[in-house]
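First up is the structure itself, then whatever we jot down about it.
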Amino acid sequence: MSPDRDRETDRTYLLRALALAAAGAARGEGGPFGALVVRVGAAERESPGEVVGEGCNRVVACNDPTAHAEIVAIRDACRRLGRFHLEDCVLYASSEPCPMCLAAACWARVQRIVYANPRAVAAAVGFCDDDLYCELSLPPAERRVPLEHLALPGADAPLRAWFADPARVRY
């Protein structure tokens, strides 16, 4: 596919993400964010170019701080496809993903992320992720929510048992 065609396709899907953002916010479900997952490669019996997951921010509707549009879309795609990796998919988001959503996209192994609004635009209307990016760069004990390690005998037993299980599902 040519770079111009790629950009036109990206524009089309970003417009859908923006429409999801507007609709979800108008319904009062959460912030003005939308996302979709599009399959770009084809696995057996699957069609490339198909929207396999959609979502808008549902933090308010679900009383769930993790119900960001990107996570809702990733969960939808994984449920529909029956798998937890999305290597053959692109995540389209109305705005630059926050650190949580970026991490979720990495865990899902999406091919790439395309977004419409840089995080500075979202910050200008009250959705600033800069403090989270700064938090992640601090040593764990210096973060706003400090991480404390408490060594317990045998704490690694579940990890070792999982690792030793030949039937484990790697991810």
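Residues in the structure tokens are numbered from 1 in each chain, the chains being A, B, ... in the order shown, and ligands are numbered from 1 in the order shown.
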Considering only C-alpha atoms, give me a table of residues in range 95-169 of chain A that are at most 8 Å from range 71-88 of chain A, with the closest atom pair and distance in Å for each, as a Markdown table.
```
| residue | atom | partner | partner_atom | distance |
| --- | --- | --- | --- | --- |
| A:Cys101 | CA | A:Ile71 | CA | 6.1 |
| A:Ala104 | CA | A:Ile71 | CA | 6.8 |
| A:Ala105 | CA | A:Ile74 | CA | 7.5 |
| A:Trp107 | CA | A:His85 | CA | 7.7 |
| A:Ala108 | CA | A:His85 | CA | 4.7 |
| A:Arg109 | CA | A:Glu87 | CA | 5.1 |
| A:Val110 | CA | A:Glu87 | CA | 4.8 |
| A:Gln111 | CA | A:Glu87 | CA | 5.4 |
```
query = Could you pull the residues within 8 Å of Ala17 in chain A, counting only C-alpha atoms, minus those fewer than 6 positions along the same chain, as an MDAnalysis selection string?
reply = chainID A and resid 33:36 92:94
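Inside range 32-157 of chain A, the residues DSSP reads as strand (DSSP E) when given the backbone are Gly34, Ala35, Leu36, Val37, Val38, Arg39, Val51, Val52, Gly53, Glu54, Gly55, Cys56, Cys89, Val90, Leu91, Tyr92, Ala93, Ser94, Ser95, Arg112, Ile113, Val114, Tyr115, Ala116 and Asn117 of chain A.
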Each residue of range 32-103 of chain A with at least one atom at most 8 Å from range 114-131 of chain A should appear once, together with its nearest atom pair and the corresponding distance in Å (one decimal); atoms considered: only C-alpha atoms; ordering: chain, then increasing residue number; output as CSV.
```
residue,atom,partner,partner_atom,distance
A:Val90,CA,A:Val114,CA,7.5
A:Leu91,CA,A:Val114,CA,6.3
A:Tyr92,CA,A:Val114,CA,4.9
A:Ala93,CA,A:Tyr115,CA,4.6
A:Ser94,CA,A:Ala116,CA,5.1
A:Ser95,CA,A:Asn117,CA,4.3
A:Glu96,CA,A:Pro118,CA,5.2
A:Pro97,CA,A:Arg119,CA,7.7
A:Cys98,CA,A:Asp129,CA,6.1
A:Pro99,CA,A:Asp129,CA,7.6
```
key: Sel. of helix (DSSP H, G or I) residues, chain A, as a PyMOL selection string   = chain A and resi 3-26+59-62+69-81+99-108+119-123+130-137+140-142+157-164
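Between CA of Gly30 in chain A and CA of Val59 in chain A the separation is 5.1 Å.
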